[in-house]
>>> print(open('model-v6.cif').read())   # mmCIF, C-alpha atoms
data_query
loop_
_atom_site.label_atom_id
_atom_site.label_comp_id
_atom_site.auth_asym_id
_atom_site.auth_seq_id
_atom_site.Cartn_x
_atom_site.Cartn_y
_atom_site.Cartn_z
CA MET V 1 91.65 138.96 141.51
CA ASN V 2 91.01 135.84 139.46
CA PRO V 3 93.48 133.12 140.56
CA ASN V 4 93.89 132.03 136.93
CA ALA V 5 95.05 135.49 135.80
CA GLU V 6 98.72 134.48 136.24
CA PHE V 7 98.33 132.00 133.34
CA TYR V 8 97.20 134.69 130.91
CA PRO V 9 99.34 137.41 129.31
CA LYS V 10 98.87 140.97 130.53
CA GLN V 11 99.05 142.00 126.90
CA GLY V 12 98.32 139.71 124.00
CA ARG V 13 95.95 136.82 123.41
CA VAL V 14 95.46 133.11 124.05
CA ILE V 15 94.17 131.23 121.02
CA LEU V 16 93.10 127.59 120.67
CA HIS V 17 92.86 125.72 117.39
CA ILE V 18 90.69 122.59 117.56
CA ASP V 19 91.20 120.07 114.77
CA MET V 20 89.03 116.96 114.71
CA ASN V 21 91.13 113.91 113.86
CA ALA V 22 90.14 111.90 110.74
CA PHE V 23 86.73 113.48 111.30
CA TYR V 24 84.52 111.61 108.82
CA CYS V 25 85.96 108.20 109.74
CA SER V 26 85.84 109.05 113.45
CA VAL V 27 82.14 109.97 113.21
CA HIS V 28 81.31 106.60 111.64
CA GLU V 29 83.36 104.87 114.34
CA ALA V 30 81.51 106.79 117.06
CA VAL V 31 78.12 105.79 115.64
CA GLU V 32 79.00 102.14 114.90
CA PRO V 33 82.07 101.23 117.00
CA GLU V 34 81.51 97.51 116.61
CA LYS V 35 81.96 97.82 112.82
CA TYR V 36 84.77 100.37 112.55
CA ARG V 37 86.74 100.88 115.79
CA GLY V 38 90.45 100.18 115.35
CA LYS V 39 89.99 99.07 111.73
CA PRO V 40 91.36 100.54 108.48
CA VAL V 41 88.50 102.69 107.15
CA ALA V 42 88.21 105.20 104.31
CA VAL V 43 85.41 107.53 103.24
CA ALA V 44 85.06 107.86 99.46
CA GLY V 45 82.54 108.32 96.67
CA SER V 46 81.58 105.84 93.92
CA VAL V 47 82.51 102.92 96.15
CA GLU V 48 80.84 100.37 93.92
CA LEU V 49 82.85 101.48 90.90
CA ARG V 50 86.20 101.44 92.73
CA ARG V 51 86.93 104.71 90.94
CA GLY V 52 86.05 107.05 93.77
CA ILE V 53 88.60 109.31 95.43
CA ILE V 54 89.41 108.76 99.10
CA VAL V 55 88.32 111.83 101.07
CA THR V 56 89.86 110.76 104.37
CA SER V 57 91.11 107.61 106.05
CA SER V 58 91.39 106.34 109.62
CA TYR V 59 94.76 106.16 111.35
CA PRO V 60 95.00 102.35 110.98
CA ALA V 61 94.42 102.83 107.23
CA ARG V 62 97.05 105.59 107.07
CA ALA V 63 99.53 103.23 108.69
CA LYS V 64 99.03 100.96 105.65
CA GLY V 65 99.73 103.84 103.24
CA VAL V 66 96.14 104.81 102.42
CA LYS V 67 96.04 108.58 101.81
CA THR V 68 93.58 111.34 100.99
CA GLY V 69 93.27 111.89 97.23
CA MET V 70 94.11 108.29 96.39
CA GLN V 71 91.72 106.27 94.23
CA VAL V 72 89.74 103.59 96.07
CA ARG V 73 91.29 100.80 94.02
CA GLU V 74 94.80 102.05 94.90
CA GLY V 75 93.85 102.04 98.58
CA LEU V 76 92.51 98.49 98.32
CA LYS V 77 95.75 97.31 96.73
CA LEU V 78 97.73 98.70 99.65
CA CYS V 79 95.22 97.51 102.23
CA PRO V 80 92.90 94.71 100.99
CA GLU V 81 90.98 94.73 104.29
CA LEU V 82 90.17 98.44 103.88
CA ILE V 83 86.52 99.22 104.72
CA VAL V 84 85.24 101.85 102.29
CA ILE V 85 82.24 103.95 103.32
CA GLN V 86 80.19 106.38 101.26
CA PRO V 87 80.02 109.85 102.83
CA ASP V 88 77.12 110.86 105.05
CA PHE V 89 77.27 114.66 105.25
CA HIS V 90 73.99 114.82 107.13
CA LEU V 91 75.72 112.92 109.93
CA TYR V 92 78.94 114.95 109.74
CA ARG V 93 77.08 118.25 109.99
CA ARG V 94 75.25 117.02 113.11
CA PHE V 95 78.53 116.15 114.83
CA SER V 96 80.14 119.37 113.60
CA ARG V 97 77.44 121.47 115.17
CA ARG V 98 77.69 119.52 118.44
CA PHE V 99 81.46 119.78 118.87
CA MET V 100 81.35 123.50 118.10
CA GLU V 101 78.61 123.94 120.70
CA ILE V 102 80.94 122.34 123.26
CA ALA V 103 83.83 124.63 122.23
CA GLY V 104 81.58 127.68 122.13
CA GLY V 105 80.64 127.13 125.76
CA TYR V 106 83.97 128.66 126.80
CA THR V 107 83.96 131.83 124.69
CA PRO V 108 81.72 133.64 122.19
CA LEU V 109 84.85 134.24 120.09
CA LEU V 110 84.68 131.07 117.99
CA GLU V 111 85.59 131.11 114.29
CA ALA V 112 84.65 127.98 112.34
CA MET V 113 87.15 127.36 109.54
CA SER V 114 85.56 124.22 108.14
CA ILE V 115 83.24 121.42 109.19
CA ASP V 116 85.94 119.92 111.44
CA GLU V 117 88.09 122.77 112.76
CA CYS V 118 87.75 126.08 114.58
CA PHE V 119 89.68 128.80 116.39
CA LEU V 120 88.79 130.02 119.88
CA ASP V 121 90.00 133.24 121.51
CA ILE V 122 89.95 132.41 125.23
CA THR V 123 91.80 135.52 126.42
CA GLY V 124 88.71 136.55 128.40
CA SER V 125 87.85 133.06 129.67
CA LYS V 126 89.87 133.06 132.90
CA GLN V 127 86.84 131.98 134.95
CA PHE V 128 87.05 128.52 133.33
CA GLY V 129 90.66 127.87 134.34
CA SER V 130 94.10 128.17 132.82
CA PRO V 131 94.45 127.87 129.01
CA LEU V 132 95.78 124.33 129.38
CA GLU V 133 92.91 123.35 131.68
CA ILE V 134 90.36 124.75 129.21
CA ALA V 135 91.97 122.90 126.31
CA GLU V 136 92.07 119.63 128.27
CA GLU V 137 88.44 120.05 129.35
CA ILE V 138 87.23 120.71 125.80
CA GLN V 139 89.17 117.72 124.50
CA GLU V 140 87.76 115.48 127.24
CA LYS V 141 84.15 116.67 126.70
CA ILE V 142 84.37 116.01 122.95
CA ARG V 143 85.81 112.55 123.66
CA ARG V 144 83.24 111.73 126.37
CA ASP V 145 80.11 113.21 124.83
CA LEU V 146 80.76 112.53 121.13
CA GLN V 147 83.32 109.70 121.24
CA LEU V 148 85.54 111.73 118.88
CA PRO V 149 89.29 112.42 119.03
CA CYS V 150 90.66 115.92 118.45
CA SER V 151 93.99 117.72 118.59
CA ILE V 152 94.27 121.18 120.13
CA GLY V 153 96.95 123.81 119.70
CA VAL V 154 97.43 126.53 122.35
CA ALA V 155 99.31 129.65 121.25
CA PRO V 156 99.38 133.47 121.32
CA ASN V 157 97.95 133.73 117.79
CA LYS V 158 96.00 131.81 115.13
CA LEU V 159 99.04 130.95 113.02
CA LEU V 160 100.92 129.22 115.83
CA ALA V 161 97.75 127.60 117.24
CA LYS V 162 97.10 125.97 113.88
CA ILE V 163 100.69 124.74 113.58
CA ALA V 164 100.56 123.44 117.17
CA SER V 165 97.40 121.40 116.60
CA ASP V 166 99.13 119.63 113.69
CA MET V 167 102.13 118.60 115.81
CA LYS V 168 100.51 115.72 117.70
CA LYS V 169 97.77 113.58 116.17
CA PRO V 170 95.51 112.00 117.18
CA ASN V 171 94.43 113.34 120.58
CA GLY V 172 97.35 115.74 120.87
CA LEU V 173 97.55 118.89 122.99
CA THR V 174 100.46 121.19 122.16
CA VAL V 175 101.48 124.57 123.55
CA LEU V 176 103.52 126.68 121.11
CA ARG V 177 104.86 129.95 122.47
CA LEU V 178 106.52 132.71 120.48
CA ARG V 179 109.87 132.05 122.13
CA ASP V 180 109.65 128.39 121.04
CA VAL V 181 109.47 129.24 117.32
CA PRO V 182 113.24 129.34 116.52
CA LYS V 183 113.91 126.04 118.27
CA LEU V 184 110.84 124.11 117.06
CA LEU V 185 110.12 125.53 113.62
CA TRP V 186 113.11 127.17 112.02
CA ASP V 187 114.65 123.91 110.78
CA LYS V 188 111.35 122.86 109.13
CA PRO V 189 110.43 123.37 105.44
CA CYS V 190 108.49 126.51 104.58
CA ASP V 191 105.29 124.67 103.62
CA MET V 192 104.85 123.67 107.27
CA LEU V 193 103.70 127.27 107.82
CA TYR V 194 99.92 127.61 107.83
CA GLY V 195 99.00 129.41 104.59
CA VAL V 196 102.16 128.50 102.66
CA GLY V 197 101.48 125.99 99.92
CA LYS V 198 103.78 123.66 98.02
CA LYS V 199 104.24 126.00 95.04
CA THR V 200 105.18 128.97 97.24
CA ALA V 201 107.63 126.75 99.15
CA GLU V 202 109.21 125.63 95.87
CA LYS V 203 109.54 129.23 94.77
CA LEU V 204 111.18 130.14 98.08
CA ALA V 205 113.61 127.23 97.77
CA LYS V 206 114.70 128.49 94.35
CA LEU V 207 115.47 131.84 96.01
CA GLY V 208 117.74 130.07 98.49
CA ILE V 209 115.14 130.01 101.28
CA PRO V 210 114.57 126.30 102.03
CA THR V 211 113.51 126.50 105.70
CA ILE V 212 111.33 128.62 107.97
CA GLY V 213 114.48 129.88 109.69
CA HIS V 214 115.92 131.11 106.39
CA LEU V 215 112.59 132.81 105.68
CA ALA V 216 112.53 134.50 109.10
CA ARG V 217 115.92 136.07 108.34
CA ALA V 218 115.32 136.77 104.64
CA ASP V 219 115.67 140.24 103.14
CA VAL V 220 112.26 141.91 103.08
CA GLN V 221 112.98 143.79 99.84
CA LYS V 222 113.93 140.54 98.13
CA LEU V 223 110.70 138.91 99.30
CA THR V 224 108.57 141.91 98.32
CA ALA V 225 110.13 142.02 94.85
CA GLU V 226 109.17 138.38 94.33
CA PHE V 227 105.85 138.12 96.20
CA GLY V 228 104.55 141.69 96.59
CA VAL V 229 102.82 142.43 99.90
CA LEU V 230 102.69 138.67 100.57
CA GLY V 231 106.47 138.82 101.07
CA VAL V 232 106.10 140.89 104.25
CA TRP V 233 103.52 138.45 105.61
CA LEU V 234 105.75 135.45 104.81
CA ARG V 235 108.65 136.84 106.84
CA ARG V 236 106.42 137.79 109.79
CA ALA V 237 104.78 134.35 109.72
CA ALA V 238 108.19 132.66 109.81
CA GLN V 239 108.95 134.71 112.94
CA GLY V 240 105.68 133.47 114.48
CA VAL V 241 103.92 136.83 114.25
CA ASP V 242 100.21 136.97 113.35
CA ASP V 243 97.77 139.73 114.28
CA SER V 244 94.64 138.34 112.59
CA PRO V 245 91.64 138.29 114.96
CA VAL V 246 89.34 135.38 115.70
CA ASN V 247 86.25 136.49 113.83
CA PRO V 248 83.04 134.96 115.24
CA VAL V 249 80.80 136.68 112.70
CA ARG V 250 79.60 134.18 110.16
CA GLU V 251 79.33 136.47 107.20
CA ALA V 252 77.41 135.68 104.08
CA SER V 253 79.38 133.41 101.76
CA LYS V 254 81.88 135.09 99.47
CA SER V 255 81.10 132.39 96.93
CA ILE V 256 78.87 129.34 96.67
CA GLY V 257 79.91 126.39 94.58
CA HIS V 258 79.45 122.72 93.83
CA THR V 259 81.64 120.32 91.87
CA THR V 260 80.92 116.72 90.99
CA THR V 261 83.32 114.01 89.86
CA LEU V 262 81.75 111.85 87.16
CA PRO V 263 81.89 108.03 87.30
CA MET V 264 83.15 107.87 83.70
CA ASP V 265 84.22 110.22 80.94
CA PHE V 266 81.30 112.30 79.64
CA THR V 267 81.29 113.48 76.04
CA GLU V 268 77.60 113.74 75.11
CA PRO V 269 76.09 117.26 75.28
CA ASP V 270 72.85 115.98 76.88
CA ASP V 271 74.79 114.35 79.74
CA ILE V 272 76.85 117.48 80.33
CA ARG V 273 73.79 119.74 80.27
CA ARG V 274 72.07 117.49 82.83
CA VAL V 275 75.03 117.83 85.20
CA PHE V 276 75.00 121.63 84.83
CA LEU V 277 71.25 121.66 85.43
CA ASN V 278 71.65 119.88 88.76
CA LEU V 279 74.62 122.03 89.78
CA ALA V 280 72.79 125.26 88.90
CA ASP V 281 69.72 124.12 90.80
CA GLN V 282 71.55 123.51 94.07
CA THR V 283 74.00 126.41 93.99
CA THR V 284 71.17 128.91 93.45
CA ARG V 285 69.05 127.22 96.12
CA ARG V 286 71.84 127.61 98.68
CA MET V 287 72.28 131.22 97.56
CA ARG V 288 68.59 132.06 97.94
CA ARG V 289 68.59 130.57 101.46
CA GLN V 290 71.05 133.30 102.44
CA GLY V 291 69.06 136.03 100.69
CA LEU V 292 71.81 136.63 98.12
CA VAL V 293 72.12 137.20 94.38
CA THR V 294 75.11 136.65 92.11
CA SER V 295 76.79 138.73 89.45
CA THR V 296 79.54 136.28 88.43
CA ILE V 297 79.19 132.69 87.27
CA SER V 298 82.20 130.44 86.80
CA ILE V 299 82.50 126.84 85.71
CA THR V 300 85.19 124.26 86.46
CA ILE V 301 86.07 121.53 83.97
CA ARG V 302 88.54 118.67 84.48
CA ASP V 303 89.58 116.12 81.90
CA PRO V 304 90.57 112.46 82.53
CA ASN V 305 94.24 113.51 82.88
CA MET V 306 93.31 115.80 85.81
CA LYS V 307 93.97 118.98 83.81
CA THR V 308 91.55 121.60 85.19
CA ILE V 309 90.34 124.90 83.78
CA THR V 310 87.95 127.54 85.11
CA ARG V 311 86.08 130.08 83.03
CA ALA V 312 83.81 132.89 84.25
CA CYS V 313 81.46 135.58 83.05
CA THR V 314 79.98 138.68 84.66
CA LEU V 315 76.26 139.29 84.25
CA ASP V 316 74.71 142.59 83.24
CA MET V 317 72.35 142.24 86.19
CA PRO V 318 72.53 140.12 89.37
CA THR V 319 70.35 137.02 89.48
CA GLU V 320 69.01 134.37 91.85
CA SER V 321 67.40 132.16 89.17
CA PHE V 322 68.79 128.74 88.40
CA ASP V 323 67.72 128.90 84.74
CA GLU V 324 69.95 131.93 84.13
CA VAL V 325 72.87 130.29 85.89
CA TYR V 326 72.30 127.09 83.93
CA LYS V 327 72.15 128.95 80.61
CA GLU V 328 75.40 130.83 81.30
CA ALA V 329 77.19 127.68 82.47
CA CYS V 330 76.27 125.85 79.26
CA ARG V 331 77.32 128.85 77.16
CA LEU V 332 80.72 129.01 78.89
CA PHE V 333 81.24 125.28 78.42
CA GLU V 334 80.39 125.35 74.72
CA LYS V 335 82.63 128.36 74.18
CA HIS V 336 85.70 127.05 76.00
CA TRP V 337 85.60 123.24 75.70
CA PRO V 338 85.97 121.42 72.34
CA ALA V 339 82.96 119.35 71.32
CA GLY V 340 83.45 115.66 72.08
CA LYS V 341 86.46 116.17 74.37
CA PRO V 342 85.95 113.96 77.46
CA VAL V 343 85.07 115.48 80.84
CA ARG V 344 85.61 113.90 84.26
CA LEU V 345 84.57 116.71 86.63
CA LEU V 346 82.23 119.69 86.35
CA GLY V 347 81.44 122.50 88.73
CA ILE V 348 79.59 125.79 89.07
CA THR V 349 80.60 128.61 91.42
CA LEU V 350 78.57 131.77 92.07
CA ALA V 351 80.65 134.78 93.12
CA HIS V 352 80.38 138.54 93.67
CA LEU V 353 77.44 137.82 95.93
CA GLN V 354 75.42 140.57 97.53
CA ALA V 355 72.25 140.87 99.56
CA LYS V 356 69.23 140.75 97.32
CA ALA V 357 67.66 143.65 99.22
CA GLU V 358 70.66 145.84 98.35
CA ALA V 359 71.15 144.73 94.74
CA ALA V 360 70.29 147.16 91.96
CA PHE V 361 68.14 145.64 89.22
CA GLN V 362 67.80 147.53 85.95
CA LEU V 363 64.89 145.92 84.16
CA ASP V 364 63.47 146.55 80.74
CA LEU V 365 59.71 146.46 80.23
CA PHE V 366 59.56 142.71 79.59
CA ASP V 367 61.75 141.89 82.61
CA TYR V 368 59.75 144.27 84.75
CA GLU V 369 56.63 142.24 84.06
CA GLN V 370 58.30 138.83 84.34
CA GLN V 371 60.60 139.34 87.34
CA PRO V 372 57.90 139.24 90.08
CA LYS V 373 56.51 136.03 88.56
CA LYS V 374 59.97 134.44 88.57
CA GLU V 375 60.53 135.43 92.19
CA GLN V 376 57.14 134.08 93.27
CA LEU V 377 57.86 130.79 91.47
CA ASN V 378 61.28 130.48 93.14
CA GLU V 379 59.78 131.21 96.57
CA ALA V 380 56.98 128.68 96.06
CA MET V 381 59.40 125.97 94.90
CA ASP V 382 61.75 126.66 97.81
CA ARG V 383 58.89 126.41 100.32
CA ILE V 384 57.75 123.07 98.90
CA ARG V 385 61.28 121.65 98.96
CA ASP V 386 61.90 122.97 102.48
CA LYS V 387 58.85 121.05 103.63
CA PHE V 388 58.94 117.89 101.51
CA GLY V 389 62.62 117.50 100.57
CA GLU V 390 64.94 118.49 97.76
CA SER V 391 63.50 115.99 95.30
CA ALA V 392 59.90 117.14 95.74
CA ILE V 393 60.11 119.26 92.56
CA LEU V 394 62.44 118.33 89.72
CA THR V 395 62.58 118.98 86.02
CA ALA V 396 62.89 115.96 83.75
CA GLY V 397 66.33 117.15 82.68
CA MET V 398 67.70 116.73 86.24
CA LEU V 399 67.12 112.98 86.36
CA GLY V 400 70.03 110.66 85.68
CA GLU V 401 72.50 108.17 87.13
CA ASP V 402 75.54 110.43 87.44
CA PRO V 403 76.58 111.90 90.85
CA SER V 404 75.22 115.35 89.99
CA ALA V 405 71.73 113.93 90.60
CA LEU V 406 72.81 113.25 94.20
CA ILE V 407 73.71 116.80 95.18
CA ARG V 408 70.16 117.37 96.41
CA ASN V 409 70.74 114.50 98.87
CA HIS V 410 72.44 116.34 101.73
CA LYS V 411 73.18 113.04 103.40
CA VAL V 412 75.69 111.92 100.79
CA ARG V 413 76.84 115.23 99.31
CA GLY V 414 78.82 118.01 100.88
CA THR V 415 82.24 119.48 101.49
CA SER V 416 84.32 120.20 104.55
CA LEU V 417 84.30 123.90 103.66
CA GLN V 418 80.52 124.20 103.30
CA MET V 419 79.44 126.11 106.39
CA ASP V 420 75.73 126.67 105.75
CA HIS V 421 74.78 124.45 108.72
CA LEU V 422 76.59 126.83 111.12
CA ARG V 423 75.05 130.08 109.89
CA PRO V 424 72.54 131.87 112.12
CA GLY V 425 69.03 130.57 111.49
CA ALA V 426 70.22 127.41 109.75
CA LYS V 427 67.74 124.57 109.92
CA ARG V 428 68.84 121.83 112.31
CA GLU V 429 69.20 118.61 110.36
CA GLU V 430 68.57 116.61 113.54
CA ASP V 431 64.95 117.75 113.15
CA ASP V 432 64.62 116.66 109.52
#
>>> encode(input="model-v6.cif", output="structure tokens")
Amino acid sequence: MNPNAEFYPKQGRVILHIDMNAFYCSVHEAVEPEKYRGKPVAVAGSVELRRGIIVTSSYPARAKGVKTGMQVREGLKLCPELIVIQPDFHLYRRFSRRFMEIAGGYTPLLEAMSIDECFLDITGSKQFGSPLEIAEEIQEKIRRDLQLPCSIGVAPNKLLAKIASDMKKPNGLTVLRLRDVPKLLWDKPCDMLYGVGKKTAEKLAKLGIPTIGHLARADVQKLTAEFGVLGVWLRRAAQGVDDSPVNPVREASKSIGHTTTLPMDFTEPDDIRRVFLNLADQTTRRMRRQGLVTSTISITIRDPNMKTITRACTLDMPTESFDEVYKEACRLFEKHWPAGKPVRLLGITLAHLQAKAEAAFQLDLFDYEQQPKKEQLNEAMDRIRDKFGESAILTAGMLGEDPSALIRNHKVRGTSLQMDHLRPGAKREEDD
């Protein structure tokens, strides 16, 4: 009998949640410790214009009040010595892959949630030690091999593991058992629950449910009347119950999108069309890499006052071509946004994705003749850009000074939720 079996439940699971601490800043500190270690640092875009938004900040910067979502100039007012760095997503993806390789050495049941966090189901990993020993060993390997701090939550399910990893930062290791929930969580506000946002918490408070404990004891019928099936989940979550599995299968994306914040208000149609051209180019390129086509195109528009709208259309036939996506994005913009009204952010999202091999194409005679030519052109362009870089082939309309022209530069553009670098068969950027 395995001597570690006594540390594992006879029924049930043991789940770890690994959360990298201030990941982007920590990566820069690991690479150049002499410049950044122990100093207030923030990662943000448009550094030179002081208008960029802070994506994340180091713990010394947070101690001075510098927060995610704050404008760079606000951060510099609070902390004049703040070191502001432009993002390097090429670097972040390299470190993301490496820390997940360390974690994945203890179980094949690893589910990546974003570039800097993952769940592990270690129920079947007794040969590596007790759950606490495994968590400590993973934390130490990430610190030793990558020079990065992380917090780890150990719990019987994903919900509690996620909450546990948030309890001690940086470098925390927290065990949260089901029997601990009433004592440790029930006096906390509802939005401390993983999956419960600020608006839901406000709605609960108006119903006389201000804390997790109140939610755990709330009337199910009352919750269901207000929230539908979500009401049942809310009550179970407040009790610490979560049956969702750790899913190691990296499925094809449910949607693929890009947004770009503009350095100034855009009002001219030519400028806006150029942004959409770049966004359409890169979203469709990512989609084709996964062998997918889209049936739904949506755009996101934000004005200088941060008011945001999204508008979408469904195509008669699925597509993989950037020119069709670009055309629909422009049409949606012109239909739903008044001419001359300033724009500060634009985005394109492709949804209702399906495998190209399984998609049904109903082509008329003209399309039937043109479709193979389009596909051959897309394939040829993709091969050239795979070999020589994203800027090897551009249309004149893509060139410009706004940030949308940078989305082909994978070093400086990306998002914590973009998981393409972890999908099977993804090209290793270390080899670029």
>>> residues_around(input="model-v6.cif", residues="Asn21 (chain V)", least_positions_apart="6", cutoff="6 Å", atoms="all atoms listed in the file", output="list in words")
Pro149, Cys150 and Pro170 of chain V
>>> resolve_selection(input="model-v6.cif", expression="the PyMOL selection byres ((chain V and resi 200-206) around 9)", output="CSV table (one decimal) with C-alpha atoms, in the coordinates of the input")
chain,number,residue,atom,x,y,z
V,189,PRO,CA,110.4,123.4,105.4
V,190,CYS,CA,108.5,126.5,104.6
V,191,ASP,CA,105.3,124.7,103.6
V,196,VAL,CA,102.2,128.5,102.7
V,197,GLY,CA,101.5,126.0,99.9
V,198,LYS,CA,103.8,123.7,98.0
V,199,LYS,CA,104.2,126.0,95.0
V,207,LEU,CA,115.5,131.8,96.0
V,208,GLY,CA,117.7,130.1,98.5
V,209,ILE,CA,115.1,130.0,101.3
V,210,PRO,CA,114.6,126.3,102.0
V,211,THR,CA,113.5,126.5,105.7
V,215,LEU,CA,112.6,132.8,105.7
V,223,LEU,CA,110.7,138.9,99.3
>>> resolve_selection(input="model-v6.cif", expression="the PyMOL selection byres ((chain V and resi 213) around 8)", output="mmCIF file with C-alpha atoms, in the coordinates of the input")
data_model
loop_
_atom_site.group_PDB
_atom_site.id
_atom_site.type_symbol
_atom_site.label_atom_id
_atom_site.label_comp_id
_atom_site.auth_asym_id
_atom_site.auth_seq_id
_atom_site.Cartn_x
_atom_site.Cartn_y
_atom_site.Cartn_z
ATOM 1 C CA PRO V 182 113.240 129.340 116.520
ATOM 2 C CA LEU V 185 110.120 125.530 113.620
ATOM 3 C CA TRP V 186 113.110 127.170 112.020
ATOM 4 C CA ASP V 187 114.650 123.910 110.780
ATOM 5 C CA LYS V 188 111.350 122.860 109.130
ATOM 6 C CA THR V 211 113.510 126.500 105.700
ATOM 7 C CA ILE V 212 111.330 128.620 107.970
ATOM 8 C CA HIS V 214 115.920 131.110 106.390
ATOM 9 C CA LEU V 215 112.590 132.810 105.680
ATOM 10 C CA ALA V 216 112.530 134.500 109.100
ATOM 11 C CA ARG V 217 115.920 136.070 108.340
ATOM 12 C CA ALA V 238 108.190 132.660 109.810
#
>>> residues_around(input="model-v6.cif", residues="Met167 (chain V)", least_positions_apart="6", cutoff="10 Å", atoms="all atoms listed in the file", output="VMD selection string")
chain V and resid 151 to 153 173 to 176
>>> write_last_selection(input="model-v6.cif", atoms="C-alpha atoms", output="mmCIF file, in the coordinates of the input")
data_model
loop_
_atom_site.group_PDB
_atom_site.id
_atom_site.type_symbol
_atom_site.label_atom_id
_atom_site.label_comp_id
_atom_site.auth_asym_id
_atom_site.auth_seq_id
_atom_site.Cartn_x
_atom_site.Cartn_y
_atom_site.Cartn_z
ATOM 1 C CA SER V 151 93.990 117.720 118.590
ATOM 2 C CA ILE V 152 94.270 121.180 120.130
ATOM 3 C CA GLY V 153 96.950 123.810 119.700
ATOM 4 C CA LEU V 173 97.550 118.890 122.990
ATOM 5 C CA THR V 174 100.460 121.190 122.160
ATOM 6 C CA VAL V 175 101.480 124.570 123.550
ATOM 7 C CA LEU V 176 103.520 126.680 121.110
#
>>> closest_residue(input="model-v6.cif", among="V:Thr68, V:Ser125, V:Ser321, V:Asn247", to="Val293 (chain V)", atoms="all atoms listed in the file")
V:Ser321
>>> resolve_selection(input="model-v6.cif", expression="the PyMOL selection byres ((chain V and resi 302-318) around 8)", output="ChimeraX atom specification")
/V:265,293-301,319-320,328,332,336,342-346,359-362
>>> residues_around(input="model-v6.cif", residues="Asn157 (chain V)", least_positions_apart="5", cutoff="12 Å", atoms="all atoms listed in the file", output="ChimeraX atom specification")
/V:12-17,119-123,162-164,175-178,194,237,240-246
>>> atom_distance(input="model-v6.cif", atom1="CA of Met287 (chain V)", atom2="CA of His258 (chain V)")
11.7 Å
>>> atom_distance(input="model-v6.cif", atom1="CA of Val31 (chain V)", atom2="CA of Ser58 (chain V)")
14.6 Å
>>> atom_distance(input="model-v6.cif", atom1="CA of Ser114 (chain V)", atom2="CA of Phe99 (chain V)")
12.3 Å
>>> residues_around(input="model-v6.cif", residues="Phe276 (chain V)", least_positions_apart="5", cutoff="8 Å", atoms="all atoms listed in the file", output="ChimeraX atom specification")
/V:326,329-330,346-348
>>> closest_residue(input="model-v6.cif", among="V:Ile256, V:Ala103, V:Leu277, V:Cys118", to="Arg289 (chain V)", atoms="only C-alpha atoms")
V:Ile256
>>> residues_around(input="model-v6.cif", residues="Ser130 (chain V)", least_positions_apart="6", cutoff="9 Å", atoms="only C-alpha atoms", output="JSON, numbers by chain")
{"V": [4, 5, 6, 7, 8]}
>>> closest_residue(input="model-v6.cif", among="V:Ile18, V:Val229, V:Leu160, V:Leu76", to="Met113 (chain V)", atoms="all atoms listed in the file")
V:Ile18
>>> decode(input="model-v6.cif", residues="region 127-137 of chain V", atoms="N, CA and C atoms", output="PDB file, in the first residue's frame")
ATOM      1  N   GLN V 127       2.146   8.773  -5.625  1.00  0.00           N
ATOM      2  CA  GLN V 127       3.557   8.362  -5.694  1.00  0.00           C
ATOM      3  C   GLN V 127       4.513   9.539  -5.500  1.00  0.00           C
ATOM      4  N   PHE V 128       4.004  10.776  -5.669  1.00  0.00           N
ATOM      5  CA  PHE V 128       4.864  11.951  -5.535  1.00  0.00           C
ATOM      6  C   PHE V 128       4.865  12.519  -4.114  1.00  0.00           C
ATOM      7  N   GLY V 129       4.032  11.987  -3.244  1.00  0.00           N
ATOM      8  CA  GLY V 129       3.985  12.495  -1.877  1.00  0.00           C
ATOM      9  C   GLY V 129       2.586  12.899  -1.473  1.00  0.00           C
ATOM     10  N   SER V 130       2.483  13.517  -0.323  1.00  0.00           N
ATOM     11  CA  SER V 130       1.189  14.022   0.146  1.00  0.00           C
ATOM     12  C   SER V 130       0.809  15.248  -0.680  1.00  0.00           C
ATOM     13  N   PRO V 131      -0.469  15.660  -0.664  1.00  0.00           N
ATOM     14  CA  PRO V 131      -0.861  16.870  -1.420  1.00  0.00           C
ATOM     15  C   PRO V 131      -0.039  18.089  -1.036  1.00  0.00           C
ATOM     16  N   LEU V 132       0.222  18.250   0.253  1.00  0.00           N
ATOM     17  CA  LEU V 132       1.000  19.408   0.694  1.00  0.00           C
ATOM     18  C   LEU V 132       2.442  19.325   0.190  1.00  0.00           C
ATOM     19  N   GLU V 133       3.015  18.137   0.210  1.00  0.00           N
ATOM     20  CA  GLU V 133       4.382  17.965  -0.294  1.00  0.00           C
ATOM     21  C   GLU V 133       4.466  18.263  -1.784  1.00  0.00           C
ATOM     22  N   ILE V 134       3.448  17.826  -2.548  1.00  0.00           N
ATOM     23  CA  ILE V 134       3.430  18.089  -3.991  1.00  0.00           C
ATOM     24  C   ILE V 134       3.321  19.587  -4.244  1.00  0.00           C
ATOM     25  N   ALA V 135       2.425  20.245  -3.514  1.00  0.00           N
ATOM     26  CA  ALA V 135       2.255  21.693  -3.690  1.00  0.00           C
ATOM     27  C   ALA V 135       3.541  22.436  -3.358  1.00  0.00           C
ATOM     28  N   GLU V 136       4.184  22.058  -2.246  1.00  0.00           N
ATOM     29  CA  GLU V 136       5.435  22.718  -1.856  1.00  0.00           C
ATOM     30  C   GLU V 136       6.537  22.477  -2.882  1.00  0.00           C
ATOM     31  N   GLU V 137       6.574  21.261  -3.449  1.00  0.00           N
ATOM     32  CA  GLU V 137       7.618  20.933  -4.424  1.00  0.00           C
ATOM     33  C   GLU V 137       7.413  21.706  -5.722  1.00  0.00           C
TER      34      GLU V 137
END
